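A.B. asks: Sending over a structure as structure tokens; questions will come in a sec.
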Amino acid sequence: MSALSLIEILATLTSLTYLLLLIKQNIWCWFFSIISGLLSIYLFYSTKLYLESILYGYFVLISCYGWWNWSKRNGSLRMREWKPIYHIFTVFIGFALACGLGYFFSTKTDASKPYLDACTTVFSIIANILEARKMLSGWIYWIIINGVSVGLYLSKSLHIYAGLMIVYFIMSIVGYREWKKDLAGSTQS
């Protein structure tokens, strides 16, 4: 087994632990996100998916913020939802940023799949911010991102990560349903 395969397996296990704890709204999810992020930075840099590597660097930082944001409220951070107009604006800005990043990485680096990599990166940043702020719609972004990421990772022969994205896709649907139930319960009380 190669060193990259071992790193991919460890990153996958810590990623799954993170997601399971996130669905349960357990603050320790952020610790596992940090570990997974650090492992993933190395993995993606090694496979020339530079934007994915940068994205996981961002995940480490946003996980620190998520841990701080969830802990400062002593478990009382309430789930919320955005108005549709915010999503329209966010998607428009997200695609504009992804096109700019895709163009830069396609012309200035040897990046593989720069436009697709840019889209998954930009929208993952958006979804992660929503998640750290306990916004229900973050799960919808993740459902789409995880579905698209399966193809991206398969194209780079990152089979374990592609499998992880399939699991993430399914678990994102579960996460959305669980958080939606929680949001409905908190608005009825």
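A note on labels: chains of the structure tokens are A, B, ... as shown, every chain counts residues from 1, and ligands are counted from 1 in their shown order.
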May I have the residues within 7 Å of Trp67 in chain A as a PDB file with N, CA and C atoms, in the first residue's frame, using only C-alpha atoms and disregarding those fewer than 4 positions away in the same chain?

C.D. replies:
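Below is the file selection31.pdb, written as the result:
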```pdb
ATOM      1  N   ILE A  27     -20.108  18.991  18.869  1.00  0.00           N
ATOM      2  CA  ILE A  27     -19.007  19.937  18.645  1.00  0.00           C
ATOM      3  C   ILE A  27     -17.698  19.247  18.255  1.00  0.00           C
ATOM      4  N   TRP A  30     -15.800  19.180  14.662  1.00  0.00           N
ATOM      5  CA  TRP A  30     -14.801  20.132  14.158  1.00  0.00           C
ATOM      6  C   TRP A  30     -13.375  19.632  14.357  1.00  0.00           C
ATOM      7  N   SER A  63     -13.057  25.062  10.313  1.00  0.00           N
ATOM      8  CA  SER A  63     -13.341  24.116  11.394  1.00  0.00           C
ATOM      9  C   SER A  63     -12.946  24.713  12.742  1.00  0.00           C
ATOM     10  N   SER A  71     -18.914  26.498  20.380  1.00  0.00           N
ATOM     11  CA  SER A  71     -18.586  26.424  21.810  1.00  0.00           C
ATOM     12  C   SER A  71     -18.898  27.724  22.547  1.00  0.00           C
TER      13      SER A  71
END
```

A.B. asks: Give the alpha helix (DSSP H) residues of range 52-169 of chain A, as DSSP finds them on the backbone, and put them as a PyMOL selection string.

C.D. replies: chain A and resi 52-72+84-108+114-132+138-155+159-169

A.B. asks: Between CA of Leu97 in chain A and CA of Asn146 in chain A, what is the distance, to one decimal in Å?

C.D. replies: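 Separation of CA of Leu97 in chain A and CA of Asn146 in chain A: 19.1 Å.
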
A.B. asks: May I ask which of the residues A:Leu19, A:Ala184, A:Leu51, A:Ile85 is the closest one to Ile125 in chain A, counting only C-alpha atoms?

C.D. replies: A:Leu51

A.B. asks: Can you pull out the residues contacting Ile34 in chain A? Cut-off 8 Å, using only C-alpha atoms, and skip same-chain residues under 3 positions away; I want them as a list in words.

C.D. replies: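 Within the cut-off, the hits are Trp30, Phe31, Gly37, Leu38, Phe59, Val60, Leu61, Ser63 and Cys64 of chain A.
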
A.B. asks: Could you give me, as a list in words, the residues within 12 Å of Thr17 in chain A, counting only C-alpha atoms and dropping anything in the same chain fewer than 3 positions from it?

C.D. replies: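 Result of the neighbour search: Leu10, Ala11, Thr12, Leu13, Thr14, Leu20, Leu21, Leu22, Ile23, Lys24, Asn26, Ile27, Trp28, Cys29, Trp30, Phe31, Phe32, Ser33, Ile34, Ile35, Ser36, Leu164, Val167, Tyr168 and Met171 of chain A.
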
A.B. asks: Taking into account only C-alpha atoms, which residue in the set A:Ile93, A:Ile140, A:Met79, A:Cys119 is nearest to Ile173 in chain A?

C.D. replies: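 The shortest atom-to-atom distance to Ile173 in chain A comes from A:Ile140.
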
A.B. asks: Find the residues around range 106-115 of chain A up to 8 Å (only C-alpha atoms counted), leave out those fewer than 4 positions away in its own chain, and share them as a list in words.

C.D. replies: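 Listing them by chain and then by number gives Lys48, Leu49, Tyr50, Leu51, Ala98, Cys99, Leu101, Gly102, Cys119 and Leu152 of chain A.
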
A.B. asks: Separation of CA of Ile62 in chain A and CA of Gly185 in chain A, in Å?

C.D. replies: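 It comes out at 27.4 Å.
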
A.B. asks: Of the candidates A:Ile7, A:Val91, A:Glu52, A:Asn128, which one gets nearest to Phe105 in chain A if we count only C-alpha atoms?

C.D. replies: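 Selected residue with least distance to Phe105 in chain A: A:Glu52.
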
A.B. asks: Can you list, as a PDB file with C-alpha atoms, in the first residue's frame, every protein, DNA or RNA residue that comes within 9 Å of Trp82 in chain A when you count only C-alpha atoms, leaving out same-chain residues fewer than 5 positions away?

C.D. replies:
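As written to disk, out-v4.pdb reads:
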```
ATOM      1  CA  HIS A  87     -29.266  31.840  -2.305  1.00  0.00           C
ATOM      2  CA  MET A 135     -27.809  27.103   8.393  1.00  0.00           C
ATOM      3  CA  LEU A 136     -30.001  24.246   7.164  1.00  0.00           C
ATOM      4  CA  SER A 137     -29.432  25.036   3.480  1.00  0.00           C
TER       5      SER A 137
END
```

A.B. asks: Skip Ser155 in chain A itself and residues of its chain fewer than 6 positions away, then list as a list of chain:residue names all residues within 12 Å of it, counting only C-alpha atoms.

C.D. replies: A:Thr47, A:Leu49, A:Ser112, A:Lys113, A:Leu116, A:Asp117, A:Val148, A:Ser149, A:Tyr161, A:Ala162

A.B. asks: Using N, CA, C and O atoms, can you write the selected residues to a file as a short mmCIF file (atom, residue, chain, number, x, y, z; two decimals), in the first residue's frame?

C.D. replies:
```cif
data_model
loop_
_atom_site.label_atom_id
_atom_site.label_comp_id
_atom_site.auth_asym_id
_atom_site.auth_seq_id
_atom_site.Cartn_x
_atom_site.Cartn_y
_atom_site.Cartn_z
N THR A 47 -1.61 15.16 -5.85
CA THR A 47 -2.28 14.74 -7.08
C THR A 47 -2.60 15.92 -8.00
O THR A 47 -3.37 15.79 -8.95
N LEU A 49 -4.40 18.55 -7.61
CA LEU A 49 -5.70 19.20 -7.48
C LEU A 49 -5.49 20.35 -6.49
O LEU A 49 -5.87 20.28 -5.32
N SER A 112 -5.26 20.13 -12.95
CA SER A 112 -6.13 19.19 -13.64
C SER A 112 -7.58 19.57 -13.36
O SER A 112 -7.92 19.86 -12.22
N LYS A 113 -8.42 19.60 -14.38
CA LYS A 113 -9.85 19.92 -14.24
C LYS A 113 -10.08 21.25 -13.51
O LYS A 113 -10.82 21.31 -12.53
N LEU A 116 -13.96 22.60 -12.99
CA LEU A 116 -14.73 21.75 -12.09
C LEU A 116 -14.17 21.83 -10.68
O LEU A 116 -14.93 21.94 -9.70
N ASP A 117 -12.85 21.82 -10.57
CA ASP A 117 -12.18 21.95 -9.28
C ASP A 117 -12.55 23.29 -8.63
O ASP A 117 -12.83 23.36 -7.43
N VAL A 148 -21.20 15.97 -7.56
CA VAL A 148 -20.26 16.39 -8.60
C VAL A 148 -18.84 15.89 -8.29
O VAL A 148 -18.10 15.48 -9.19
N SER A 149 -18.49 15.89 -7.02
CA SER A 149 -17.13 15.50 -6.62
C SER A 149 -16.84 14.03 -6.91
O SER A 149 -15.68 13.67 -7.11
N TYR A 161 -11.68 8.31 -2.20
CA TYR A 161 -12.36 9.60 -2.03
C TYR A 161 -13.65 9.65 -2.82
O TYR A 161 -14.63 10.25 -2.37
N ALA A 162 -13.68 9.05 -3.99
CA ALA A 162 -14.93 8.99 -4.76
C ALA A 162 -15.98 8.21 -3.98
O ALA A 162 -17.15 8.63 -3.90
#
```

A.B. asks: I need the residue nearest Trp179 in chain A from this list: A:Ala118, A:Ile54, A:Trp139, A:Lys156. Use only C-alpha atoms for the distance.

C.D. replies: A:Trp139

A.B. asks: So what do you get for CA of Ala127 in chain A versus CA of Tyr141 in chain A, distance-wise?

C.D. replies: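 Those two atoms sit 5.7 Å apart.
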